[in-house]
$ cat input34.tsv   # TSV, C-alpha atoms and all ligand atoms
chain	number	residue	atom	x	y	z
K	4	MET	CA	-8.43	16.60	-7.06
K	5	THR	CA	-5.72	14.78	-5.13
K	6	GLY	CA	-6.00	12.05	-2.54
K	7	SER	CA	-5.13	14.30	0.38
K	8	ASP	CA	-8.80	15.25	0.83
K	9	LEU	CA	-9.85	11.63	0.87
K	10	ILE	CA	-11.48	10.23	4.01
K	11	LEU	CA	-12.05	6.57	4.78
K	12	TYR	CA	-14.50	5.69	7.55
K	13	GLY	CA	-14.03	2.41	9.35
K	14	PRO	CA	-11.97	0.94	12.17
K	15	ALA	CA	-8.43	-0.19	11.43
K	16	TYR	CA	-9.39	-3.63	12.74
K	17	SER	CA	-12.07	-4.21	10.06
K	18	THR	CA	-11.10	-6.55	7.24
K	19	TYR	CA	-13.00	-4.72	4.48
K	20	THR	CA	-11.73	-1.36	5.72
K	21	ARG	CA	-8.24	-2.80	5.53
K	22	THR	CA	-8.87	-3.93	1.95
K	23	ALA	CA	-9.73	-0.32	1.08
K	24	ARG	CA	-6.66	0.93	2.98
K	25	LEU	CA	-4.42	-1.60	1.23
K	26	THR	CA	-5.74	-0.31	-2.10
K	27	LEU	CA	-4.94	3.27	-1.07
K	28	GLU	CA	-1.48	2.27	0.17
K	29	GLU	CA	-0.67	0.27	-2.97
K	30	LYS	CA	-1.66	3.27	-5.12
K	31	GLY	CA	0.26	5.68	-2.88
K	32	VAL	CA	-2.84	7.80	-2.18
K	33	ALA	CA	-2.89	9.95	0.96
K	34	TYR	CA	-6.01	9.59	3.10
K	35	ARG	CA	-7.41	10.16	6.55
K	36	LEU	CA	-8.86	7.23	8.48
K	37	VAL	CA	-11.83	8.09	10.68
K	38	GLU	CA	-12.40	5.24	13.10
K	39	VAL	CA	-15.95	3.88	13.37
K	40	ASP	CA	-15.73	1.32	16.17
K	41	PHE	CA	-18.61	-0.96	15.23
K	42	LEU	CA	-17.83	-3.45	18.01
K	43	ARG	CA	-18.94	-0.69	20.37
K	44	GLY	CA	-21.92	0.47	18.31
K	45	ALA	CA	-20.41	3.46	16.52
K	46	ASN	CA	-21.85	2.25	13.21
K	47	ARG	CA	-25.44	2.57	14.45
K	48	THR	CA	-25.32	6.32	15.14
K	49	PRO	CA	-27.46	8.60	12.93
K	50	GLU	CA	-24.21	10.17	11.71
K	51	HIS	CA	-22.81	6.91	10.40
K	52	LEU	CA	-26.17	5.68	9.09
K	53	SER	CA	-26.31	8.85	7.00
K	54	ARG	CA	-23.06	7.71	5.39
K	55	HIS	CA	-23.99	4.05	5.03
K	56	PRO	CA	-27.66	3.01	4.96
K	57	PHE	CA	-26.79	-0.49	6.24
K	58	GLY	CA	-24.50	0.74	9.02
K	59	LYS	CA	-21.43	-1.03	7.63
K	60	VAL	CA	-17.85	0.00	6.92
K	61	PRO	CA	-15.93	1.10	4.94
K	62	VAL	CA	-17.24	4.35	3.51
K	63	LEU	CA	-15.11	6.59	1.32
K	64	GLU	CA	-15.49	10.33	0.86
K	65	HIS	CA	-13.60	12.14	-1.85
K	66	GLY	CA	-14.79	15.68	-2.54
K	67	ASP	CA	-18.48	15.39	-3.49
K	68	LEU	CA	-18.24	11.64	-3.93
K	69	ARG	CA	-19.46	9.40	-1.13
K	70	LEU	CA	-19.23	5.63	-1.69
K	71	TYR	CA	-19.92	2.47	0.23
K	72	GLU	CA	-19.36	-1.18	-0.82
K	73	THR	CA	-15.73	-2.25	-0.83
K	74	GLY	CA	-15.86	-3.32	-4.49
K	75	ALA	CA	-17.03	0.13	-5.60
K	76	ILE	CA	-14.48	1.85	-3.35
K	77	THR	CA	-11.49	-0.20	-4.49
K	78	ASP	CA	-12.43	0.08	-8.17
K	79	TYR	CA	-12.73	3.86	-7.80
K	80	ILE	CA	-9.36	4.20	-6.06
K	81	ASP	CA	-7.67	2.02	-8.66
K	82	ARG	CA	-9.11	3.94	-11.62
K	83	ALA	CA	-9.11	7.49	-10.23
K	84	PHE	CA	-5.48	7.62	-9.17
K	85	PRO	CA	-2.20	7.06	-10.98
K	86	GLY	CA	0.12	4.24	-10.03
K	87	ALA	CA	0.38	0.62	-11.03
K	88	PRO	CA	-3.08	-0.75	-11.90
K	89	LEU	CA	-4.50	-3.25	-9.42
K	90	GLN	CA	-6.78	-4.94	-11.95
K	91	PRO	CA	-5.56	-6.79	-15.04
K	92	LYS	CA	-6.37	-5.18	-18.39
K	93	ASP	CA	-6.82	-8.55	-20.08
K	94	ALA	CA	-10.51	-9.52	-19.99
K	95	SER	CA	-9.87	-13.13	-19.01
K	96	ALA	CA	-7.42	-12.30	-16.20
K	97	ARG	CA	-9.75	-9.58	-14.89
K	98	ALA	CA	-12.66	-12.02	-14.85
K	99	ARG	CA	-10.55	-14.58	-12.96
K	100	MET	CA	-9.56	-11.89	-10.45
K	101	LEU	CA	-13.25	-11.05	-9.94
K	102	GLN	CA	-14.00	-14.77	-9.57
K	103	VAL	CA	-11.49	-15.02	-6.70
K	104	ILE	CA	-12.97	-11.92	-5.06
K	105	GLY	CA	-16.44	-13.45	-5.46
K	106	VAL	CA	-15.31	-16.66	-3.76
K	107	VAL	CA	-13.69	-14.71	-0.90
K	108	VAL	CA	-16.76	-12.52	-0.37
K	109	SER	CA	-19.41	-15.22	-0.85
K	110	TYR	CA	-17.83	-18.38	0.58
K	111	ILE	CA	-14.85	-17.40	2.77
K	112	TYR	CA	-15.91	-14.25	4.64
K	113	ALA	CA	-18.96	-15.68	6.44
K	114	PRO	CA	-17.35	-18.79	7.94
K	115	MET	CA	-13.87	-17.28	8.40
K	116	VAL	CA	-14.77	-13.85	9.78
K	117	GLY	CA	-18.36	-14.36	10.92
K	118	GLN	CA	-17.70	-17.66	12.70
K	119	ILE	CA	-14.01	-18.50	13.31
K	120	LEU	CA	-12.63	-14.99	13.86
K	121	PHE	CA	-15.77	-13.93	15.70
K	122	GLU	CA	-15.42	-16.81	18.15
K	123	ARG	CA	-11.62	-16.85	18.46
K	124	LEU	CA	-10.64	-13.17	18.29
K	125	ILE	CA	-13.69	-10.92	18.71
K	126	LYS	CA	-15.55	-12.63	21.55
K	127	PRO	CA	-12.50	-12.61	23.88
K	128	VAL	CA	-12.20	-8.84	23.32
K	129	LEU	CA	-15.86	-8.51	24.30
K	130	GLY	CA	-15.21	-10.64	27.39
K	131	GLN	CA	-17.17	-13.62	26.08
K	132	PRO	CA	-15.98	-17.23	25.79
K	133	ALA	CA	-15.56	-18.85	22.37
K	134	ASP	CA	-18.25	-21.36	21.41
K	135	GLN	CA	-16.39	-24.45	20.15
K	136	SER	CA	-19.43	-25.82	18.31
K	137	ALA	CA	-19.72	-22.59	16.29
K	138	VAL	CA	-15.99	-22.85	15.48
K	139	ASP	CA	-16.49	-26.44	14.31
K	140	ILE	CA	-19.45	-25.52	12.11
K	141	GLY	CA	-17.45	-22.60	10.69
K	142	MET	CA	-14.49	-24.85	9.91
K	143	ARG	CA	-16.72	-27.37	8.12
K	144	ARG	CA	-18.08	-24.57	5.92
K	145	LEU	CA	-14.67	-22.99	5.46
K	146	ARG	CA	-12.79	-26.11	4.35
K	147	LYS	CA	-14.70	-26.28	1.07
K	148	GLY	CA	-14.06	-22.58	0.32
K	149	LEU	CA	-10.38	-22.84	1.15
K	150	GLY	CA	-9.96	-25.93	-1.05
K	151	VAL	CA	-11.57	-24.09	-3.96
K	152	LEU	CA	-9.46	-21.01	-3.35
K	153	GLU	CA	-6.25	-23.07	-3.26
K	154	GLN	CA	-7.14	-24.43	-6.70
K	155	LEU	CA	-7.86	-20.94	-8.05
K	156	VAL	CA	-4.41	-19.63	-7.13
K	157	GLU	CA	-2.64	-19.38	-10.44
K	158	GLY	CA	-0.03	-16.71	-9.92
K	159	SER	CA	3.18	-16.97	-7.99
K	160	PRO	CA	3.41	-15.33	-5.62
K	161	PHE	CA	0.17	-13.43	-6.36
K	162	LEU	CA	-3.27	-15.00	-6.59
K	163	ILE	CA	-3.77	-13.97	-10.21
K	164	GLY	CA	-1.05	-13.13	-12.73
K	165	GLY	CA	2.33	-11.59	-12.10
K	166	ALA	CA	1.34	-8.51	-10.11
K	167	VAL	CA	-0.61	-7.65	-7.00
K	168	THR	CA	-4.34	-7.26	-7.70
K	169	LEU	CA	-7.46	-6.44	-5.73
K	170	ALA	CA	-7.94	-10.19	-5.18
K	171	ASP	CA	-4.81	-10.24	-3.00
K	172	LEU	CA	-6.04	-7.19	-1.12
K	173	TYR	CA	-9.41	-8.80	-0.37
K	174	LEU	CA	-7.97	-11.99	1.04
K	175	ALA	CA	-4.96	-10.58	2.93
K	176	PRO	CA	-6.82	-8.96	5.88
K	177	MET	CA	-8.92	-12.06	6.55
K	178	TRP	CA	-5.95	-14.40	6.16
K	179	ALA	CA	-3.78	-12.37	8.55
K	180	TYR	CA	-6.39	-12.79	11.29
K	181	PHE	CA	-7.09	-16.43	10.43
K	182	LEU	CA	-3.41	-17.27	11.01
K	183	GLN	CA	-3.79	-15.97	14.57
K	184	THR	CA	-6.29	-18.74	15.36
K	185	PRO	CA	-5.48	-22.39	16.18
K	186	GLU	CA	-7.63	-23.41	13.19
K	187	GLY	CA	-5.68	-21.15	10.82
K	188	GLU	CA	-2.36	-22.35	12.20
K	189	ALA	CA	-3.40	-25.95	11.59
K	190	VAL	CA	-4.95	-25.52	8.14
K	191	ALA	CA	-2.58	-23.02	6.47
K	192	PRO	CA	0.34	-25.45	6.03
K	193	THR	CA	-1.98	-27.85	4.15
K	194	LEU	CA	-2.58	-25.17	1.47
K	195	PRO	CA	0.83	-24.76	-0.21
K	196	ARG	CA	-0.21	-22.22	-2.87
K	197	LEU	CA	-1.84	-19.98	-0.29
K	198	ALA	CA	1.16	-20.42	2.02
K	199	ASN	CA	3.49	-19.37	-0.82
K	200	TRP	CA	1.20	-16.40	-1.56
K	201	TRP	CA	1.23	-15.21	2.05
K	202	ARG	CA	5.03	-15.47	2.33
K	203	ALA	CA	5.26	-12.74	-0.32
K	204	VAL	CA	2.10	-10.74	0.31
K	205	GLY	CA	2.29	-10.76	4.11
K	206	VAL	CA	5.51	-8.71	4.04
K	207	ARG	CA	4.44	-6.09	1.48
K	208	PRO	CA	4.87	-2.56	2.88
K	209	SER	CA	1.12	-1.89	2.46
K	210	VAL	CA	0.29	-4.97	4.53
K	211	VAL	CA	2.85	-4.21	7.23
K	212	LYS	CA	1.72	-0.55	7.44
K	213	THR	CA	-1.96	-1.46	7.92
K	214	GLU	CA	-1.39	-4.23	10.46
K	215	ALA	CA	-4.25	-4.19	12.93
K	216	SER	CA	-5.22	-5.90	16.10
K	217	LEU	CA	-8.57	-6.54	17.72
K	218	ARG	CA	-7.02	-6.40	21.17
D	1	LIG	N1	-20.86	-5.55	1.32
D	1	LIG	C1	-20.11	-4.71	2.23
D	1	LIG	C2	-19.79	-5.49	3.49
D	1	LIG	C3	-19.10	-4.63	4.54
D	1	LIG	C4	-19.03	-5.33	5.88
D	1	LIG	O1	-19.64	-6.37	6.13
D	1	LIG	N2	-18.25	-4.69	6.79
D	1	LIG	C5	-18.17	-5.20	8.14
D	1	LIG	C6	-16.76	-5.01	8.69
D	1	LIG	S1	-15.51	-5.90	7.84
D	1	LIG	C7	-19.09	-4.37	9.02
D	1	LIG	O2	-19.36	-3.23	8.73
D	1	LIG	N3	-19.54	-4.96	10.13
D	1	LIG	C8	-20.31	-4.26	11.11
D	1	LIG	C9	-21.70	-4.79	11.24
D	1	LIG	O3	-22.12	-5.63	10.42
D	1	LIG	O4	-22.40	-4.34	12.15
D	1	LIG	C10	-18.84	-4.19	1.55
D	1	LIG	O5	-18.39	-4.81	0.59
D	1	LIG	O6	-18.33	-3.14	1.94
$ encode --input "input34.tsv" --output "structure tokens"
Amino acid sequence: MTGSDLILYGPAYSTYTRTARLTLEEKGVAYRLVEVDFLRGANRTPEHLSRHPFGKVPVLEHGDLRLYETGAITDYIDRAFPGAPLQPKDASARARMLQVIGVVVSYIYAPMVGQILFERLIKPVLGQPADQSAVDIGMRRLRKGLGVLEQLVEGSPFLIGGAVTLADLYLAPMWAYFLQTPEGEAVAPTLPRLANWWRAVGVRPSVVKTEASLR
């Protein structure tokens, strides 16, 4: 089976959908993106709930295989298709990559996406004003996570090792949005390893091709 019959469900603006797309792009796999605009409720339809029991995105369909959870999707794409591997073979490097992904998912996503990006980028699109106190609470939570992440960066320019890995593809979509906020603009220059990482990763063809906007 080739990638041309592969379907990814999720809006281009979603960070986890973009992680899956970045994985497909890095592996050179053809796919069709079917938009599920969750900001306007398209993830709560019976059709989408039959694909994803929790009404989230992304969902991948490849032949008889239907998968949700970004970790499962990206691991499948990386292993099922040829192309440069996106996960180190070495056990220690792979574990450190998974550690970074764990930090991003567990300690970065909620304050960065759920609070800062929600207030600064999503609410304006929905015609609602940003709540500064929610931004402040989000930034207090986020600072700790960002400091830890900065210390975990061991590659140059990549987060782990000498090649792009799934860790880079998890962080890139969130980081790209974060830089569009006043908080991101202020904090990013204080994190030199992450700034160095983004200078290289932010211009990768996969990242440029999947650029998305909430507006
Ligand atoms: N654990 C899930 C999380 C997916 C997730 O939270 N996706 C967000 C978009 S980036 C979503 O579907 N949000 C819509 C909602 O929660 O209603 C995964 O790894 O795929």
$ residues_around --input "input34.tsv" --residues "Thr26 (chain K)" --least-positions-apart "3" --cutoff "9 Å" --atoms "all atoms listed in the file" --output "PyMOL selection string"
chain K and resi 21-23+29-32+77+80-81+89+169+172+209
$ closest_residue --input "input34.tsv" --among "K:Gly141, K:Pro49, K:Gly117, K:Gly86" --to "ligand LIG 1 (chain D)" --atoms "all atoms listed in the file"
K:Gly117
$ atom_distance --input "input34.tsv" --atom1 "atom O4 of ligand LIG 1 (chain D)" --atom2 "CA of Lys59 (chain K)"
5.7 Å
$ residues_near_ligand --input "input34.tsv" --ligand "ligand LIG 1 (chain D)" --cutoff "6 Å" --atoms "all atoms listed in the file" --output "list in words"
Ser17, Thr18, Tyr19, Phe41, Lys59, Val60, Pro61, Glu72, Thr73 and Gly74 of chain K
$ closest_residue --input "input34.tsv" --among "K:Ile104, K:Leu124, K:Ala175, K:Ala215" --to "Pro14 (chain K)" --atoms "all atoms listed in the file"
K:Ala215
$ closest_residue --input "input34.tsv" --among "K:Leu25, K:Ala170, K:Val103, K:Val39" --to "Val211 (chain K)" --atoms "only C-alpha atoms"
K:Leu25
$ atom_distance --input "input34.tsv" --atom1 "CA of Asp78 (chain K)" --atom2 "CA of Leu194 (chain K)"
28.8 Å
$ decode --input "input34.tsv" --residues "region 26-176 of chain K" --atoms "C-alpha atoms" --output "PDB file, in the first residue's frame"
ATOM      1  CA  THR K  26       5.637  13.777   9.807  1.00  0.00           C
ATOM      2  CA  LEU K  27       4.009  12.958   6.458  1.00  0.00           C
ATOM      3  CA  GLU K  28       5.873  15.779   4.720  1.00  0.00           C
ATOM      4  CA  GLU K  29       9.237  14.819   6.232  1.00  0.00           C
ATOM      5  CA  LYS K  30       8.715  11.222   5.047  1.00  0.00           C
ATOM      6  CA  GLY K  31       7.516  12.367   1.621  1.00  0.00           C
ATOM      7  CA  VAL K  32       4.182  10.547   1.961  1.00  0.00           C
ATOM      8  CA  ALA K  33       1.244  11.734  -0.160  1.00  0.00           C
ATOM      9  CA  TYR K  34      -1.985  12.303   1.762  1.00  0.00           C
ATOM     10  CA  ARG K  35      -5.328  14.029   1.633  1.00  0.00           C
ATOM     11  CA  LEU K  36      -6.272  16.457   4.392  1.00  0.00           C
ATOM     12  CA  VAL K  37      -9.955  16.475   5.300  1.00  0.00           C
ATOM     13  CA  GLU K  38     -10.679  19.578   7.343  1.00  0.00           C
ATOM     14  CA  VAL K  39     -12.575  19.100  10.606  1.00  0.00           C
ATOM     15  CA  ASP K  40     -13.154  22.645  11.844  1.00  0.00           C
ATOM     16  CA  PHE K  41     -13.463  22.024  15.575  1.00  0.00           C
ATOM     17  CA  LEU K  42     -13.691  25.736  16.396  1.00  0.00           C
ATOM     18  CA  ARG K  43     -17.068  25.596  14.665  1.00  0.00           C
ATOM     19  CA  GLY K  44     -18.171  22.262  16.134  1.00  0.00           C
ATOM     20  CA  ALA K  45     -17.304  19.921  13.263  1.00  0.00           C
ATOM     21  CA  ASN K  46     -15.612  17.518  15.690  1.00  0.00           C
ATOM     22  CA  ARG K  47     -18.865  16.864  17.570  1.00  0.00           C
ATOM     23  CA  THR K  48     -20.786  15.429  14.607  1.00  0.00           C
ATOM     24  CA  PRO K  49     -21.717  11.713  14.716  1.00  0.00           C
ATOM     25  CA  GLU K  50     -19.498  11.254  11.662  1.00  0.00           C
ATOM     26  CA  HIS K  51     -16.384  12.557  13.386  1.00  0.00           C
ATOM     27  CA  LEU K  52     -17.217  10.905  16.722  1.00  0.00           C
ATOM     28  CA  SER K  53     -17.298   7.592  14.849  1.00  0.00           C
ATOM     29  CA  ARG K  54     -13.687   8.282  13.856  1.00  0.00           C
ATOM     30  CA  HIS K  55     -12.529   9.592  17.222  1.00  0.00           C
ATOM     31  CA  PRO K  56     -14.429   8.647  20.394  1.00  0.00           C
ATOM     32  CA  PHE K  57     -13.218  11.804  22.176  1.00  0.00           C
ATOM     33  CA  GLY K  58     -14.022  14.139  19.276  1.00  0.00           C
ATOM     34  CA  LYS K  59     -10.416  15.255  18.821  1.00  0.00           C
ATOM     35  CA  VAL K  60      -8.076  15.586  15.863  1.00  0.00           C
ATOM     36  CA  PRO K  61      -6.027  14.277  14.156  1.00  0.00           C
ATOM     37  CA  VAL K  62      -7.323  10.958  12.865  1.00  0.00           C
ATOM     38  CA  LEU K  63      -5.486   8.965  10.223  1.00  0.00           C
ATOM     39  CA  GLU K  64      -7.000   6.483   7.802  1.00  0.00           C
ATOM     40  CA  HIS K  65      -4.806   4.236   5.719  1.00  0.00           C
ATOM     41  CA  GLY K  66      -6.611   1.361   4.020  1.00  0.00           C
ATOM     42  CA  ASP K  67      -8.270  -0.642   6.805  1.00  0.00           C
ATOM     43  CA  LEU K  68      -6.271   1.113   9.494  1.00  0.00           C
ATOM     44  CA  ARG K  69      -7.904   3.918  11.435  1.00  0.00           C
ATOM     45  CA  LEU K  70      -5.831   5.594  14.157  1.00  0.00           C
ATOM     46  CA  TYR K  71      -6.179   8.449  16.594  1.00  0.00           C
ATOM     47  CA  GLU K  72      -3.621   9.819  19.103  1.00  0.00           C
ATOM     48  CA  THR K  73      -0.819  11.815  17.523  1.00  0.00           C
ATOM     49  CA  GLY K  74       1.873   9.589  19.051  1.00  0.00           C
ATOM     50  CA  ALA K  75       0.387   6.469  17.477  1.00  0.00           C
ATOM     51  CA  ILE K  76      -0.118   8.243  14.135  1.00  0.00           C
ATOM     52  CA  THR K  77       3.403   9.654  13.904  1.00  0.00           C
ATOM     53  CA  ASP K  78       5.020   6.381  14.974  1.00  0.00           C
ATOM     54  CA  TYR K  79       3.012   4.531  12.316  1.00  0.00           C
ATOM     55  CA  ILE K  80       3.940   6.979   9.556  1.00  0.00           C
ATOM     56  CA  ASP K  81       7.601   6.859  10.529  1.00  0.00           C
ATOM     57  CA  ARG K  82       7.762   3.051  10.576  1.00  0.00           C
ATOM     58  CA  ALA K  83       5.391   2.203   7.725  1.00  0.00           C
ATOM     59  CA  PHE K  84       7.012   4.363   5.069  1.00  0.00           C
ATOM     60  CA  PRO K  85      10.520   4.602   3.662  1.00  0.00           C
ATOM     61  CA  GLY K  86      12.591   7.732   4.052  1.00  0.00           C
ATOM     62  CA  ALA K  87      14.909   9.013   6.729  1.00  0.00           C
ATOM     63  CA  PRO K  88      13.798   7.725  10.151  1.00  0.00           C
ATOM     64  CA  LEU K  89      12.344  10.345  12.474  1.00  0.00           C
ATOM     65  CA  GLN K  90      13.189   8.447  15.657  1.00  0.00           C
ATOM     66  CA  PRO K  91      16.724   7.605  16.782  1.00  0.00           C
ATOM     67  CA  LYS K  92      17.658   3.919  16.719  1.00  0.00           C
ATOM     68  CA  ASP K  93      19.854   4.270  19.796  1.00  0.00           C
ATOM     69  CA  ALA K  94      17.819   3.391  22.914  1.00  0.00           C
ATOM     70  CA  SER K  95      19.111   6.306  24.978  1.00  0.00           C
ATOM     71  CA  ALA K  96      18.562   8.931  22.260  1.00  0.00           C
ATOM     72  CA  ARG K  97      15.081   7.546  21.537  1.00  0.00           C
ATOM     73  CA  ALA K  98      14.188   7.726  25.231  1.00  0.00           C
ATOM     74  CA  ARG K  99      15.418  11.334  25.396  1.00  0.00           C
ATOM     75  CA  MET K 100      13.334  12.180  22.325  1.00  0.00           C
ATOM     76  CA  LEU K 101      10.274  10.654  24.023  1.00  0.00           C
ATOM     77  CA  GLN K 102      11.107  12.615  27.179  1.00  0.00           C
ATOM     78  CA  VAL K 103      11.005  15.889  25.219  1.00  0.00           C
ATOM     79  CA  ILE K 104       7.705  14.878  23.608  1.00  0.00           C
ATOM     80  CA  GLY K 105       6.352  14.029  27.071  1.00  0.00           C
ATOM     81  CA  VAL K 106       7.347  17.455  28.387  1.00  0.00           C
ATOM     82  CA  VAL K 107       5.751  19.194  25.382  1.00  0.00           C
ATOM     83  CA  VAL K 108       2.508  17.221  25.676  1.00  0.00           C
ATOM     84  CA  SER K 109       2.238  17.249  29.481  1.00  0.00           C
ATOM     85  CA  TYR K 110       3.659  20.627  30.514  1.00  0.00           C
ATOM     86  CA  ILE K 111       3.782  22.915  27.460  1.00  0.00           C
ATOM     87  CA  TYR K 112       0.589  22.226  25.498  1.00  0.00           C
ATOM     88  CA  ALA K 113      -1.942  23.131  28.218  1.00  0.00           C
ATOM     89  CA  PRO K 114      -0.548  26.550  29.189  1.00  0.00           C
ATOM     90  CA  MET K 115       0.780  27.459  25.721  1.00  0.00           C
ATOM     91  CA  VAL K 116      -2.117  26.313  23.543  1.00  0.00           C
ATOM     92  CA  GLY K 117      -4.963  26.020  26.051  1.00  0.00           C
ATOM     93  CA  GLN K 118      -4.289  29.369  27.732  1.00  0.00           C
ATOM     94  CA  ILE K 119      -1.935  31.731  25.835  1.00  0.00           C
ATOM     95  CA  LEU K 120      -2.861  30.822  22.246  1.00  0.00           C
ATOM     96  CA  PHE K 121      -6.510  30.400  23.189  1.00  0.00           C
ATOM     97  CA  GLU K 122      -6.640  33.905  24.642  1.00  0.00           C
ATOM     98  CA  ARG K 123      -4.368  35.656  22.139  1.00  0.00           C
ATOM     99  CA  LEU K 124      -5.161  33.954  18.814  1.00  0.00           C
ATOM    100  CA  ILE K 125      -8.337  31.868  19.071  1.00  0.00           C
ATOM    101  CA  LYS K 126     -10.641  34.177  21.036  1.00  0.00           C
ATOM    102  CA  PRO K 127     -10.167  37.111  18.619  1.00  0.00           C
ATOM    103  CA  VAL K 128     -11.191  34.803  15.746  1.00  0.00           C
ATOM    104  CA  LEU K 129     -14.322  33.914  17.714  1.00  0.00           C
ATOM    105  CA  GLY K 130     -14.978  37.616  18.305  1.00  0.00           C
ATOM    106  CA  GLN K 131     -14.160  37.455  22.013  1.00  0.00           C
ATOM    107  CA  PRO K 132     -11.704  39.630  23.944  1.00  0.00           C
ATOM    108  CA  ALA K 133      -8.573  38.095  25.482  1.00  0.00           C
ATOM    109  CA  ASP K 134      -8.647  37.647  29.254  1.00  0.00           C
ATOM    110  CA  GLN K 135      -5.351  39.080  30.547  1.00  0.00           C
ATOM    111  CA  SER K 136      -5.577  37.230  33.862  1.00  0.00           C
ATOM    112  CA  ALA K 137      -5.826  33.884  32.036  1.00  0.00           C
ATOM    113  CA  VAL K 138      -2.783  34.887  29.938  1.00  0.00           C
ATOM    114  CA  ASP K 139      -0.859  35.730  33.120  1.00  0.00           C
ATOM    115  CA  ILE K 140      -1.756  32.419  34.762  1.00  0.00           C
ATOM    116  CA  GLY K 141      -0.780  30.589  31.568  1.00  0.00           C
ATOM    117  CA  MET K 142       2.576  32.373  31.433  1.00  0.00           C
ATOM    118  CA  ARG K 143       3.327  31.498  35.061  1.00  0.00           C
ATOM    119  CA  ARG K 144       2.682  27.815  34.280  1.00  0.00           C
ATOM    120  CA  LEU K 145       4.525  27.979  30.981  1.00  0.00           C
ATOM    121  CA  ARG K 146       7.752  29.555  32.248  1.00  0.00           C
ATOM    122  CA  LYS K 147       8.674  26.435  34.207  1.00  0.00           C
ATOM    123  CA  GLY K 148       8.023  24.154  31.205  1.00  0.00           C
ATOM    124  CA  LEU K 149       9.983  26.373  28.841  1.00  0.00           C
ATOM    125  CA  GLY K 150      12.950  26.526  31.237  1.00  0.00           C
ATOM    126  CA  VAL K 151      12.992  22.731  31.458  1.00  0.00           C
ATOM    127  CA  LEU K 152      12.682  22.389  27.696  1.00  0.00           C
ATOM    128  CA  GLU K 153      15.558  24.820  27.113  1.00  0.00           C
ATOM    129  CA  GLN K 154      17.754  22.615  29.307  1.00  0.00           C
ATOM    130  CA  LEU K 155      16.687  19.461  27.452  1.00  0.00           C
ATOM    131  CA  VAL K 156      17.785  20.813  24.063  1.00  0.00           C
ATOM    132  CA  GLU K 157      20.938  18.900  23.325  1.00  0.00           C
ATOM    133  CA  GLY K 158      21.181  18.902  19.563  1.00  0.00           C
ATOM    134  CA  SER K 159      22.132  21.750  17.314  1.00  0.00           C
ATOM    135  CA  PRO K 160      20.080  22.740  15.528  1.00  0.00           C
ATOM    136  CA  PHE K 161      17.663  19.901  16.374  1.00  0.00           C
ATOM    137  CA  LEU K 162      16.236  19.204  19.817  1.00  0.00           C
ATOM    138  CA  ILE K 163      17.796  15.747  20.030  1.00  0.00           C
ATOM    139  CA  GLY K 164      20.812  14.488  18.099  1.00  0.00           C
ATOM    140  CA  GLY K 165      21.955  15.473  14.639  1.00  0.00           C
ATOM    141  CA  ALA K 166      18.760  14.932  12.665  1.00  0.00           C
ATOM    142  CA  VAL K 167      15.155  16.037  12.740  1.00  0.00           C
ATOM    143  CA  THR K 168      13.027  13.828  15.018  1.00  0.00           C
ATOM    144  CA  LEU K 169       9.408  13.638  16.099  1.00  0.00           C
ATOM    145  CA  ALA K 170      10.313  15.854  19.070  1.00  0.00           C
ATOM    146  CA  ASP K 171      10.968  18.752  16.671  1.00  0.00           C
ATOM    147  CA  LEU K 172       7.694  18.052  14.890  1.00  0.00           C
ATOM    148  CA  TYR K 173       5.716  18.137  18.140  1.00  0.00           C
ATOM    149  CA  LEU K 174       7.079  21.459  19.297  1.00  0.00           C
ATOM    150  CA  ALA K 175       7.234  23.313  15.956  1.00  0.00           C
ATOM    151  CA  PRO K 176       3.471  23.925  15.445  1.00  0.00           C
TER     152      PRO K 176
END
